[in-house]
Amino acid sequence: MLCDFSSRKMIFRWLVLFLVVPRPAITGIIPSAAHASMTRPGHVILGASLPIHGWSSGPPCSGKLSDWGIELSAILLFAIEEINNRTDLLPNITIGYDIRDNCYSETLSIWTALSLASTSERPQEDVEFTKISPAEYGNLFCIIGTQSSATTITTAQAASLYRIPVISPFATSNELSDKRRFPYFLRTVPPDSLQAAAIADILLRFGWKYVGLYFQLNSYGVHGAQSLLHLAEKHGICIAFSVSVHSQATDAELRDAVGRLSSSPKARVVIMFMDSVTASGILTTIRDVGILPHITFVGSDALAFPEALARYNVELSMLQGSLFVQLHFANIPGFNYDRFLQTIKLGNPWLAQWKAERNCSDLTECPFRISANDHPVVDAVYAFSYALHDALHDLCTNYTDCSSTVHTITGHDFFPYLLNATFEGLVGEYRFDSNGDPGGNYKILNFQIHNDTFTATEVGQWSSSAENPLQLNASALQWYQDSPDPPFSLCREVCPPGFIEDPLEEKCCYGCRRCPTHAIVSGNSCMPCQRDEWPDQSFRHCQLIVPTSPSWSEPTVIVILILSGLGLVLSFLAALGLFHYRHHVLIKAASRELSSINILGLTLAFLAPLTLLAPMSTVSCRASEVMVALCFTLTYAPTLLKVNRIYRIFEAGRKSNKRPRFTGPRAQLALALIATLLMMVICISGTLISPTVPAKLYFSPPTGYIEAYCAFGYGSMVSTFCNLLIVLACCYYAFKARKVPSNYNESKFIAISVYSTLVFGMAAVPVYITAATVQQKVATLCVAILLNSFLTLFCVYLPKLYAIRFGVDVQVCEWRSSGVVSADNVSAALPSSYADAQQRNALPVAN
């Protein structure tokens with residue numbers, strides 16, 4: 001809240017009592033050294049609060065004069081002189097000045113601000129005690145200062161009582177951007193929020209996501225740390241610890257602060273938001289404690305000066321590879337040491353003290369150290385001048401003579417012009433935002449060692465106005481012990497593919513947890529793939545699993561193929577033998593036609609494994625379905641006709657000599673063909689209705705392997721059922737014909753064949769259904785088919801051919817039975833082949 005004249009007068013009197021009246025335990029006397037000022041009259045007076053006396057651990061103003069403070073006053077006067085000499089800026093208006101010393105003291109900064117601001121109202125309000133004579137004439141409605149955020153806060157608050165704007169060239173605290181508390185404050189230096197943004201960008205550039213933070217317990221450190229913590233949360237940077245440090249921390253406090261670093265061993269990068277004095281305490285304590293491995297520091301602009309750290313016994317080698325941001329200070333054109341000496345000799349009340357402190361009679365004997373690059377001071381003066389130029393342009397009707405108008409301007413009227421001022425500064429265009437803050441440009445310094453010499457080398461820049469703010473020269477960087485790679489500061493394991501981060505008990509620390517083998521990593525979670533998919537090598541994408549058919553290089557498959565080939569050879573030999581001995585009585589008696597169909601069925605049976613083992617496709621699956629169905633039909637339909645024929649002949653022979661119907665070769669062949677055609681119709685119908693199709697065999701738990709097999713449909717079940725009926729019928733008639741004479745014992749071998757088929761079927765079906773792999777399924781089915789086929793060959797055909805080839809004869813034995821039928825009666829009912837053989841009394845049979 002702003003105060004009226006009487007309220008300000010009361011506040012000033014209370015300040016006098018606070019500073020002057022002695023109190024128990026403290027003395028509030030203003031130092032005599034503070035009762036000095038450098039003034040010059042003008043149409044308008046520009047006030048300044050500068051640190052003419054340096055910082056001291058004792059009472060305010062007890063230290064020596066500061067080179068830097070004297071230099072700042074000279075730069076201020078140099079900028080004012082430049083403007084007064086210009087004709088295009090503030091013509092016919094002379095800027096005066098009133099420079100006061102705040103002695104680096106917050107308390108004296110209040111007093112200095114109030115004493116300057118009070119000169120805007122004449123007569124001064126009971127300030128005779130200050131012993132300071134203001135400029136003889138001129139209107140003061142703006143103050144430039146101070147050198148730090150802490151002193152600027154008190155200065156801006158005190159000046160706001162008089163509605164006097166304050167322009168600071170050095171105060172960077174974010175606290176000063178609060179217009180509710182500091183309604184008349186501006187600055188020509190960027191706020192700490194931009195400095196924090198630069199530090200955050202550095203951390204992100206090198207992937208430092210787990211860092212420590214030390215900050216000074218003052219406005220500069222606290223608000224800078226707050227901005228950094230906000231940005232860290234936004235960008236996913238974990239602050240392992242955040243420790244505040246007093247400006248004059250005790251050894252115990254420093255060891256406690258460094259202990260936090262020891263408890264976070266993976267935080268190898270530490271941010272320091274503090275000045276050189278406070279940072280030196282932390283750095284020397286880290287050195288004394290002996291924390292290893294090396295720590296890389298990222299520091300704020302207040303400690304980006306290695307020479308300042310060296311003055312406080314900091315071992316600079318421990319800072320090798322550290323990075324610091326520093327305000328981009330530009331050299332002031334035309335300001336050199338000769339010009340500096342000319343400026344400070346004009347009415348300077350502090351030169352005598354300078355000479356006395358250094359025991360010299362001339363400045364050439366005790367020269368000043370100047371850097372001539374504090375351009376924010378020049379920019380502050382120009383901001384005031386351009387704003388006043390704009391104000392006079394609006395308020396003065398006759399711009400050639402505005403000396404009377406300038407005396408009517410107040411700080412409250414002047415502030416909007418100051419806030420809207422735009423001008424070309426020494427480092428670019430200046431434009432204030434609504435909070436009175438400009439943009440920011442920083443240098444990135446890398447502390448390096450070259451030939452045992454420690455330097456702060458510029459390796460990049462950061463600009464708030466650039467699209468990509470941070471620009472670094474990676475080749476110019478030097479890390480600790482000349483390491484080619486930046487340090488690693490991340491409290492999380494580098495997870496290999498297929499692993500996700502798993503939080504550990506330590507703050508912001510993560511280990512790795514394996515995802516299930518069938519899951520990919522999506523973000524930081526495991527996402528299972530579909531049933532027929534499997535993760536790729538990176539575990540980032542699911543890819544389709546190509547089903548695998550049985551490999552022909554497997555030992556089991558090789559054995560099956562060998563047996564299939566052997567069976568085909570034997571079938572070919574059997575077919576060749578049947579054809580060669582087709583006129584032999586034994587071949588004729590066994591029905592050449594049915595035997596040929598039977599051999600064809602055996603050949604298909606030996607070929608069936610080839611279709612079952614072929615790469616799975618719709619064609620191969622349907623071919624295997626037809627092949628399996630037909631091979632059984634062609635094998636057992638003729639067998640059924642054979643055994644049925646034998647049974648009927650001997651049954652008929654018991655009653656008469658008349659041959660039974662449909663026992664001739666043509667009738668038997670027709671019946672076999674009809675049965676084959678019926679089976680083909682069933683197979684084709686089943687294929688159309690419920691075909692055998694390629695299917696996938698999945699494993700549990702999931703693996704990256706899927707096997708392809710032919711899933712037999714309901715159509716194949718119908719054909720299988722029909723073949724089962726044929727086999728059962730064969731079994732029935734084989735059993736009924738078990739007592740035929742030994743001369744006609746082919747029915748016994750048929751019985752063995754069909755009985756074994758049932759046994760193999762009962763064993764193979766459960767194994768096929770419960771098999772865990774496709775190879776087991778296919779092998780089971782193939783072995784069952786092959787064994788049945790081999791058994792038929794060895795029991796039915798090979799013995800006949802053996803007997804024919806080697807002339808094995810069996811004498812006919814008289815068939816004795818309890819019945820009335822004689823063997824002659826039976827032979828009369830047999831076909832001519834059997835009768836002829838019996839007449840020759842040498843019917844060959846296979847034993």
# chains A, B, ... in the order shown; residues from 1 in each chain; ligands from 1
>>> residues_around(residues="Thr720 (chain A)", least_positions_apart="5", cutoff="9 Å", atoms="only C-alpha atoms", output="VMD selection string")
chain A and resid 628 to 629 632 715 725
>>> residues_around(residues="Arg255 (chain A)", least_positions_apart="4", cutoff="7 Å", atoms="only C-alpha atoms", output="MDAnalysis selection string")
chainID A and resid 251 259 285
>>> closest_residue(among="A:Gln353, A:Val377, A:Gly224, A:Phe324", to="Ala48 (chain A)", atoms="only C-alpha atoms")
A:Val377
>>> residues_around(residues="Leu194 (chain A)", least_positions_apart="5", cutoff="12 Å", atoms="only C-alpha atoms", output="PyMOL selection string")
chain A and resi 172-174+189+199-201+223-225+227-228+231+300-301+325-327+437-442+462-465+469-470
>>> write_last_selection(atoms="N, CA and C atoms", output="JSON list (two decimals), in the first residue's frame")
[["chain", "number", "residue", "atom", "x", "y", "z"],
["A", 172, "THR", "N", 18.65, -10.48, -9.61],
["A", 172, "THR", "CA", 18.06, -11.52, -10.47],
["A", 172, "THR", "C", 16.98, -12.35, -9.78],
["A", 173, "SER", "N", 16.70, -12.08, -8.52],
["A", 173, "SER", "CA", 15.76, -12.91, -7.77],
["A", 173, "SER", "C", 14.36, -12.89, -8.40],
["A", 174, "ASN", "N", 13.74, -14.08, -8.49],
["A", 174, "ASN", "CA", 12.38, -14.16, -9.02],
["A", 174, "ASN", "C", 11.37, -13.44, -8.14],
["A", 189, "VAL", "N", 18.69, -6.98, -16.12],
["A", 189, "VAL", "CA", 19.35, -8.27, -16.04],
["A", 189, "VAL", "C", 18.25, -9.34, -15.97],
["A", 199, "ILE", "N", 20.03, -23.87, -16.70],
["A", 199, "ILE", "CA", 20.60, -25.01, -15.97],
["A", 199, "ILE", "C", 19.82, -26.28, -16.28],
["A", 200, "ALA", "N", 18.49, -26.17, -16.33],
["A", 200, "ALA", "CA", 17.67, -27.34, -16.65],
["A", 200, "ALA", "C", 17.97, -27.87, -18.04],
["A", 201, "ASP", "N", 18.17, -26.97, -18.99],
["A", 201, "ASP", "CA", 18.51, -27.42, -20.35],
["A", 201, "ASP", "C", 19.87, -28.12, -20.40],
["A", 223, "HIS", "N", 14.64, -18.46, -4.32],
["A", 223, "HIS", "CA", 13.77, -18.33, -5.49],
["A", 223, "HIS", "C", 14.37, -18.99, -6.72],
["A", 224, "GLY", "N", 15.70, -18.97, -6.83],
["A", 224, "GLY", "CA", 16.32, -19.69, -7.92],
["A", 224, "GLY", "C", 16.09, -21.19, -7.79],
["A", 225, "ALA", "N", 16.20, -21.70, -6.54],
["A", 225, "ALA", "CA", 15.96, -23.13, -6.31],
["A", 225, "ALA", "C", 14.51, -23.49, -6.58],
["A", 227, "SER", "N", 12.48, -22.11, -8.76],
["A", 227, "SER", "CA", 12.30, -22.19, -10.21],
["A", 227, "SER", "C", 12.90, -23.48, -10.75],
["A", 228, "LEU", "N", 14.05, -23.85, -10.24],
["A", 228, "LEU", "CA", 14.71, -25.06, -10.71],
["A", 228, "LEU", "C", 13.92, -26.31, -10.33],
["A", 231, "LEU", "N", 11.01, -26.61, -12.73],
["A", 231, "LEU", "CA", 11.42, -27.10, -14.05],
["A", 231, "LEU", "C", 11.84, -28.57, -13.98],
["A", 300, "SER", "N", 25.37, -21.54, -10.67],
["A", 300, "SER", "CA", 24.69, -20.33, -11.11],
["A", 300, "SER", "C", 25.71, -19.24, -11.39],
["A", 301, "ASP", "N", 25.23, -18.10, -11.86],
["A", 301, "ASP", "CA", 26.14, -17.05, -12.29],
["A", 301, "ASP", "C", 26.89, -16.39, -11.15],
["A", 325, "VAL", "N", 26.70, -21.24, -15.55],
["A", 325, "VAL", "CA", 26.08, -20.24, -16.41],
["A", 325, "VAL", "C", 26.49, -18.86, -15.92],
["A", 326, "GLN", "N", 26.70, -17.96, -16.85],
["A", 326, "GLN", "CA", 27.13, -16.60, -16.51],
["A", 326, "GLN", "C", 26.41, -15.62, -17.41],
["A", 327, "LEU", "N", 25.97, -14.55, -16.81],
["A", 327, "LEU", "CA", 25.34, -13.51, -17.60],
["A", 327, "LEU", "C", 26.29, -13.04, -18.70],
["A", 437, "ASP", "N", 10.66, -7.54, -16.52],
["A", 437, "ASP", "CA", 11.83, -8.40, -16.74],
["A", 437, "ASP", "C", 12.19, -8.42, -18.23],
["A", 438, "PRO", "N", 13.48, -8.40, -18.55],
["A", 438, "PRO", "CA", 13.91, -8.54, -19.95],
["A", 438, "PRO", "C", 14.16, -10.01, -20.28],
["A", 439, "GLY", "N", 14.53, -10.27, -21.52],
["A", 439, "GLY", "CA", 14.96, -11.61, -21.88],
["A", 439, "GLY", "C", 16.35, -11.88, -21.32],
["A", 440, "GLY", "N", 16.84, -13.09, -21.58],
["A", 440, "GLY", "CA", 18.11, -13.46, -20.98],
["A", 440, "GLY", "C", 19.07, -14.09, -21.96],
["A", 441, "ASN", "N", 20.34, -13.73, -21.81],
["A", 441, "ASN", "CA", 21.42, -14.35, -22.58],
["A", 441, "ASN", "C", 22.52, -14.74, -21.60],
["A", 442, "TYR", "N", 22.92, -16.00, -21.68],
["A", 442, "TYR", "CA", 23.93, -16.51, -20.76],
["A", 442, "TYR", "C", 25.05, -17.18, -21.53],
["A", 462, "TRP", "N", 23.26, -19.66, -24.06],
["A", 462, "TRP", "CA", 21.83, -19.92, -23.86],
["A", 462, "TRP", "C", 21.09, -18.61, -24.03],
["A", 463, "SER", "N", 20.07, -18.61, -24.87],
["A", 463, "SER", "CA", 19.29, -17.39, -25.13],
["A", 463, "SER", "C", 17.82, -17.71, -25.04],
["A", 464, "SER", "N", 17.11, -16.93, -24.25],
["A", 464, "SER", "CA", 15.68, -17.17, -24.08],
["A", 464, "SER", "C", 14.88, -16.85, -25.34],
["A", 465, "SER", "N", 15.44, -16.04, -26.23],
["A", 465, "SER", "CA", 14.71, -15.65, -27.44],
["A", 465, "SER", "C", 14.92, -16.62, -28.59],
["A", 469, "PRO", "N", 17.20, -22.80, -27.31],
["A", 469, "PRO", "CA", 17.94, -21.88, -26.43],
["A", 469, "PRO", "C", 19.39, -22.27, -26.19],
["A", 470, "LEU", "N", 19.66, -23.57, -26.00],
["A", 470, "LEU", "CA", 21.00, -23.99, -25.62],
["A", 470, "LEU", "C", 21.82, -24.38, -26.84]]
>>> closest_residue(among="A:Ala391, A:Leu602, A:Ala156, A:Ile444", to="Ala198 (chain A)", atoms="only C-alpha atoms")
A:Ile444
>>> select_by_dssp(residues="region 467-709 of chain A", states="strand (DSSP E)", output="MDAnalysis selection string")
chainID A and resid 470:472 499:503 510:514 519:522 525:528 533:535 542:544 693:697 707:709
>>> write_last_selection(atoms="N, CA, C and O atoms", output="CSV table (one decimal), in the first residue's frame")
chain,number,residue,atom,x,y,z
A,470,LEU,N,19.7,-23.6,-26.0
A,470,LEU,CA,21.0,-24.0,-25.6
A,470,LEU,C,21.8,-24.4,-26.8
A,470,LEU,O,21.4,-25.2,-27.6
A,471,GLN,N,23.0,-23.8,-27.0
A,471,GLN,CA,23.9,-24.1,-28.1
A,471,GLN,C,25.2,-24.4,-27.4
A,471,GLN,O,25.8,-23.6,-26.7
A,472,LEU,N,25.7,-25.6,-27.6
A,472,LEU,CA,27.0,-26.1,-27.0
A,472,LEU,C,27.9,-26.6,-28.0
A,472,LEU,O,27.6,-27.2,-29.0
A,499,PHE,N,13.0,-55.5,-20.5
A,499,PHE,CA,12.9,-55.1,-19.0
A,499,PHE,C,12.3,-53.7,-18.9
A,499,PHE,O,12.4,-52.9,-19.8
A,500,ILE,N,11.6,-53.6,-17.8
A,500,ILE,CA,11.0,-52.3,-17.4
A,500,ILE,C,11.6,-51.8,-16.1
A,500,ILE,O,12.1,-52.6,-15.3
A,501,GLU,N,11.5,-50.5,-15.9
A,501,GLU,CA,12.0,-49.9,-14.7
A,501,GLU,C,11.1,-50.3,-13.5
A,501,GLU,O,9.9,-50.2,-13.6
A,502,ASP,N,11.7,-50.6,-12.4
A,502,ASP,CA,11.0,-51.0,-11.2
A,502,ASP,C,11.5,-50.1,-10.1
A,502,ASP,O,12.7,-50.0,-9.8
A,503,PRO,N,10.6,-49.3,-9.4
A,503,PRO,CA,11.0,-48.4,-8.4
A,503,PRO,C,11.7,-49.1,-7.2
A,503,PRO,O,11.3,-50.2,-6.8
A,510,TYR,N,15.6,-46.6,-9.7
A,510,TYR,CA,14.9,-47.6,-10.4
A,510,TYR,C,15.8,-48.8,-10.7
A,510,TYR,O,16.9,-48.5,-11.2
A,511,GLY,N,15.3,-50.0,-10.5
A,511,GLY,CA,16.0,-51.2,-11.0
A,511,GLY,C,15.3,-51.6,-12.3
A,511,GLY,O,14.5,-50.9,-12.9
A,512,CYS,N,15.6,-52.9,-12.6
A,512,CYS,CA,15.0,-53.4,-13.8
A,512,CYS,C,14.2,-54.7,-13.5
A,512,CYS,O,14.7,-55.5,-12.7
A,513,ARG,N,13.0,-54.8,-14.1
A,513,ARG,CA,12.2,-56.0,-13.9
A,513,ARG,C,11.9,-56.6,-15.3
A,513,ARG,O,11.5,-55.9,-16.2
A,514,ARG,N,12.1,-57.9,-15.3
A,514,ARG,CA,11.9,-58.6,-16.6
A,514,ARG,C,10.4,-58.8,-16.9
A,514,ARG,O,9.6,-59.1,-16.1
A,519,ALA,N,5.7,-60.7,-23.8
A,519,ALA,CA,5.2,-59.3,-23.7
A,519,ALA,C,6.3,-58.4,-24.2
A,519,ALA,O,7.5,-58.6,-24.2
A,520,ILE,N,5.8,-57.2,-24.7
A,520,ILE,CA,6.7,-56.2,-25.2
A,520,ILE,C,6.7,-55.1,-24.2
A,520,ILE,O,5.8,-55.0,-23.3
A,521,VAL,N,7.6,-54.2,-24.3
A,521,VAL,CA,7.7,-53.0,-23.4
A,521,VAL,C,7.0,-51.8,-24.1
A,521,VAL,O,7.4,-51.4,-25.2
A,522,SER,N,6.0,-51.3,-23.5
A,522,SER,CA,5.3,-50.2,-24.0
A,522,SER,C,5.3,-49.1,-22.9
A,522,SER,O,4.6,-49.2,-21.9
A,525,SER,N,5.6,-50.2,-19.1
A,525,SER,CA,4.7,-51.3,-18.7
A,525,SER,C,4.9,-52.5,-19.7
A,525,SER,O,5.4,-52.3,-20.8
A,526,CYS,N,4.5,-53.6,-19.3
A,526,CYS,CA,4.6,-54.8,-20.1
A,526,CYS,C,3.2,-55.0,-20.8
A,526,CYS,O,2.2,-55.1,-20.1
A,527,MET,N,3.2,-55.2,-22.1
A,527,MET,CA,2.0,-55.5,-22.8
A,527,MET,C,2.1,-56.8,-23.5
A,527,MET,O,2.9,-57.0,-24.4
A,528,PRO,N,1.3,-57.8,-23.1
A,528,PRO,CA,1.4,-59.1,-23.8
A,528,PRO,C,1.0,-59.0,-25.3
A,528,PRO,O,0.1,-58.3,-25.7
A,533,GLU,N,1.5,-64.0,-31.9
A,533,GLU,CA,2.6,-63.0,-32.0
A,533,GLU,C,3.6,-63.2,-31.0
A,533,GLU,O,3.4,-63.8,-29.9
A,534,TRP,N,4.8,-62.6,-31.3
A,534,TRP,CA,5.9,-62.8,-30.3
A,534,TRP,C,6.8,-61.5,-30.4
A,534,TRP,O,6.9,-60.9,-31.5
A,535,PRO,N,7.4,-61.1,-29.3
A,535,PRO,CA,8.2,-59.8,-29.4
A,535,PRO,C,9.4,-60.0,-30.3
A,535,PRO,O,10.0,-61.1,-30.4
A,542,CYS,N,5.4,-56.4,-31.5
A,542,CYS,CA,4.9,-57.8,-31.7
A,542,CYS,C,5.0,-58.1,-33.1
A,542,CYS,O,4.5,-57.4,-34.0
A,543,GLN,N,5.6,-59.2,-33.4
A,543,GLN,CA,5.6,-59.7,-34.8
A,543,GLN,C,5.0,-61.1,-34.9
A,543,GLN,O,5.0,-61.9,-34.0
A,544,LEU,N,4.4,-61.3,-36.1
A,544,LEU,CA,3.6,-62.5,-36.3
A,544,LEU,C,4.6,-63.7,-36.3
A,544,LEU,O,5.6,-63.7,-36.9
A,693,VAL,N,-8.2,-78.5,-42.5
A,693,VAL,CA,-7.5,-77.2,-42.8
A,693,VAL,C,-6.2,-77.1,-41.9
A,693,VAL,O,-6.1,-77.7,-40.9
A,694,PRO,N,-5.3,-76.2,-42.4
A,694,PRO,CA,-4.1,-76.0,-41.5
A,694,PRO,C,-4.5,-75.3,-40.2
A,694,PRO,O,-5.4,-74.4,-40.2
A,695,ALA,N,-3.9,-75.8,-39.1
A,695,ALA,CA,-4.2,-75.2,-37.8
A,695,ALA,C,-2.9,-75.0,-37.1
A,695,ALA,O,-1.8,-75.4,-37.5
A,696,LYS,N,-3.0,-74.2,-36.0
A,696,LYS,CA,-1.8,-73.9,-35.2
A,696,LYS,C,-1.9,-74.6,-33.8
A,696,LYS,O,-3.0,-74.6,-33.2
A,697,LEU,N,-0.8,-75.1,-33.4
A,697,LEU,CA,-0.7,-75.7,-32.1
A,697,LEU,C,0.1,-74.8,-31.2
A,697,LEU,O,1.2,-74.5,-31.4
A,707,GLU,N,3.5,-74.5,-33.9
A,707,GLU,CA,3.6,-75.6,-34.9
A,707,GLU,C,2.3,-75.6,-35.7
A,707,GLU,O,1.2,-75.4,-35.2
A,708,ALA,N,2.5,-76.0,-37.0
A,708,ALA,CA,1.3,-76.1,-37.9
A,708,ALA,C,1.0,-77.6,-38.1
A,708,ALA,O,1.9,-78.4,-38.2
A,709,TYR,N,-0.2,-77.9,-38.1
A,709,TYR,CA,-0.7,-79.2,-38.4
A,709,TYR,C,-2.0,-79.2,-39.1
A,709,TYR,O,-2.7,-78.2,-39.1
>>> closest_residue(among="A:Ile45, A:Val211, A:Ile785, A:Ala36", to="Lys507 (chain A)", atoms="only C-alpha atoms")
A:Val211
>>> residues_around(residues="region 274-278 of chain A", least_positions_apart="3", cutoff="9 Å", atoms="only C-alpha atoms", output="count of residues only")
25
>>> atom_distance(atom1="CA of Asp374 (chain A)", atom2="CA of Ile95 (chain A)")
20.5 Å
>>> closest_residue(among="A:Ala764, A:Leu793, A:Val754, A:Asp485", to="Phe572 (chain A)", atoms="only C-alpha atoms")
A:Leu793
>>> residues_around(residues="Gly63 (chain A)", least_positions_apart="3", cutoff="8 Å", atoms="only C-alpha atoms", output="list in words")
His53, Gly54, Trp55, Ser56, Gly58 and Pro60 of chain A
>>> residues_around(residues="Gly577 (chain A)", least_positions_apart="5", cutoff="10 Å", atoms="only C-alpha atoms", output="list in words")
Ser571, Phe572, Arg582, Ile587, Tyr797, Leu798, Lys800, Leu801, Tyr802, Ile804 and Arg805 of chain A
>>> write_last_selection(atoms="N, CA, C and O atoms", output="tab-separated table (two decimals), in the first residue's frame")
chain	number	residue	atom	x	y	z
A	571	SER	N	6.09	-102.71	-51.74
A	571	SER	CA	4.81	-102.71	-52.47
A	571	SER	C	5.07	-102.88	-53.96
A	571	SER	O	4.32	-103.61	-54.65
A	572	PHE	N	6.10	-102.23	-54.44
A	572	PHE	CA	6.43	-102.39	-55.86
A	572	PHE	C	6.84	-103.83	-56.17
A	572	PHE	O	6.42	-104.40	-57.18
A	582	ARG	N	0.87	-113.91	-62.23
A	582	ARG	CA	-0.58	-113.72	-62.27
A	582	ARG	C	-1.32	-114.98	-62.71
A	582	ARG	O	-2.52	-115.14	-62.43
A	587	ILE	N	-2.00	-117.36	-56.88
A	587	ILE	CA	-2.39	-115.96	-57.11
A	587	ILE	C	-3.83	-115.91	-57.61
A	587	ILE	O	-4.62	-115.06	-57.19
A	797	TYR	N	0.92	-111.03	-48.57
A	797	TYR	CA	1.47	-111.11	-49.91
A	797	TYR	C	2.88	-111.67	-49.98
A	797	TYR	O	3.19	-112.50	-50.84
A	798	LEU	N	3.76	-111.21	-49.13
A	798	LEU	CA	5.12	-111.70	-49.20
A	798	LEU	C	5.23	-113.20	-48.97
A	798	LEU	O	6.01	-113.88	-49.65
A	800	LYS	N	3.04	-115.49	-49.87
A	800	LYS	CA	2.59	-116.13	-51.10
A	800	LYS	C	3.69	-116.10	-52.15
A	800	LYS	O	4.02	-117.09	-52.80
A	801	LEU	N	4.28	-114.88	-52.31
A	801	LEU	CA	5.33	-114.75	-53.31
A	801	LEU	C	6.54	-115.60	-52.95
A	801	LEU	O	7.20	-116.17	-53.83
A	802	TYR	N	6.82	-115.66	-51.65
A	802	TYR	CA	7.93	-116.52	-51.21
A	802	TYR	C	7.68	-117.98	-51.57
A	802	TYR	O	8.55	-118.68	-52.08
A	804	ILE	N	5.63	-119.12	-53.87
A	804	ILE	CA	5.63	-119.32	-55.33
A	804	ILE	C	7.06	-119.34	-55.85
A	804	ILE	O	7.44	-120.17	-56.68
A	805	ARG	N	7.89	-118.38	-55.39
A	805	ARG	CA	9.24	-118.26	-55.92
A	805	ARG	C	10.10	-119.45	-55.56
A	805	ARG	O	10.88	-119.94	-56.38
>>> residues_around(residues="Phe414 (chain A)", least_positions_apart="4", cutoff="12 Å", atoms="only C-alpha atoms", output="ChimeraX atom specification")
/A:139-142,163-166,184,383-392,394-395,406-410,418-421
>>> closest_residue(among="A:Ile75, A:Ile239, A:Ile99, A:Ile769", to="Cys509 (chain A)", atoms="only C-alpha atoms")
A:Ile239
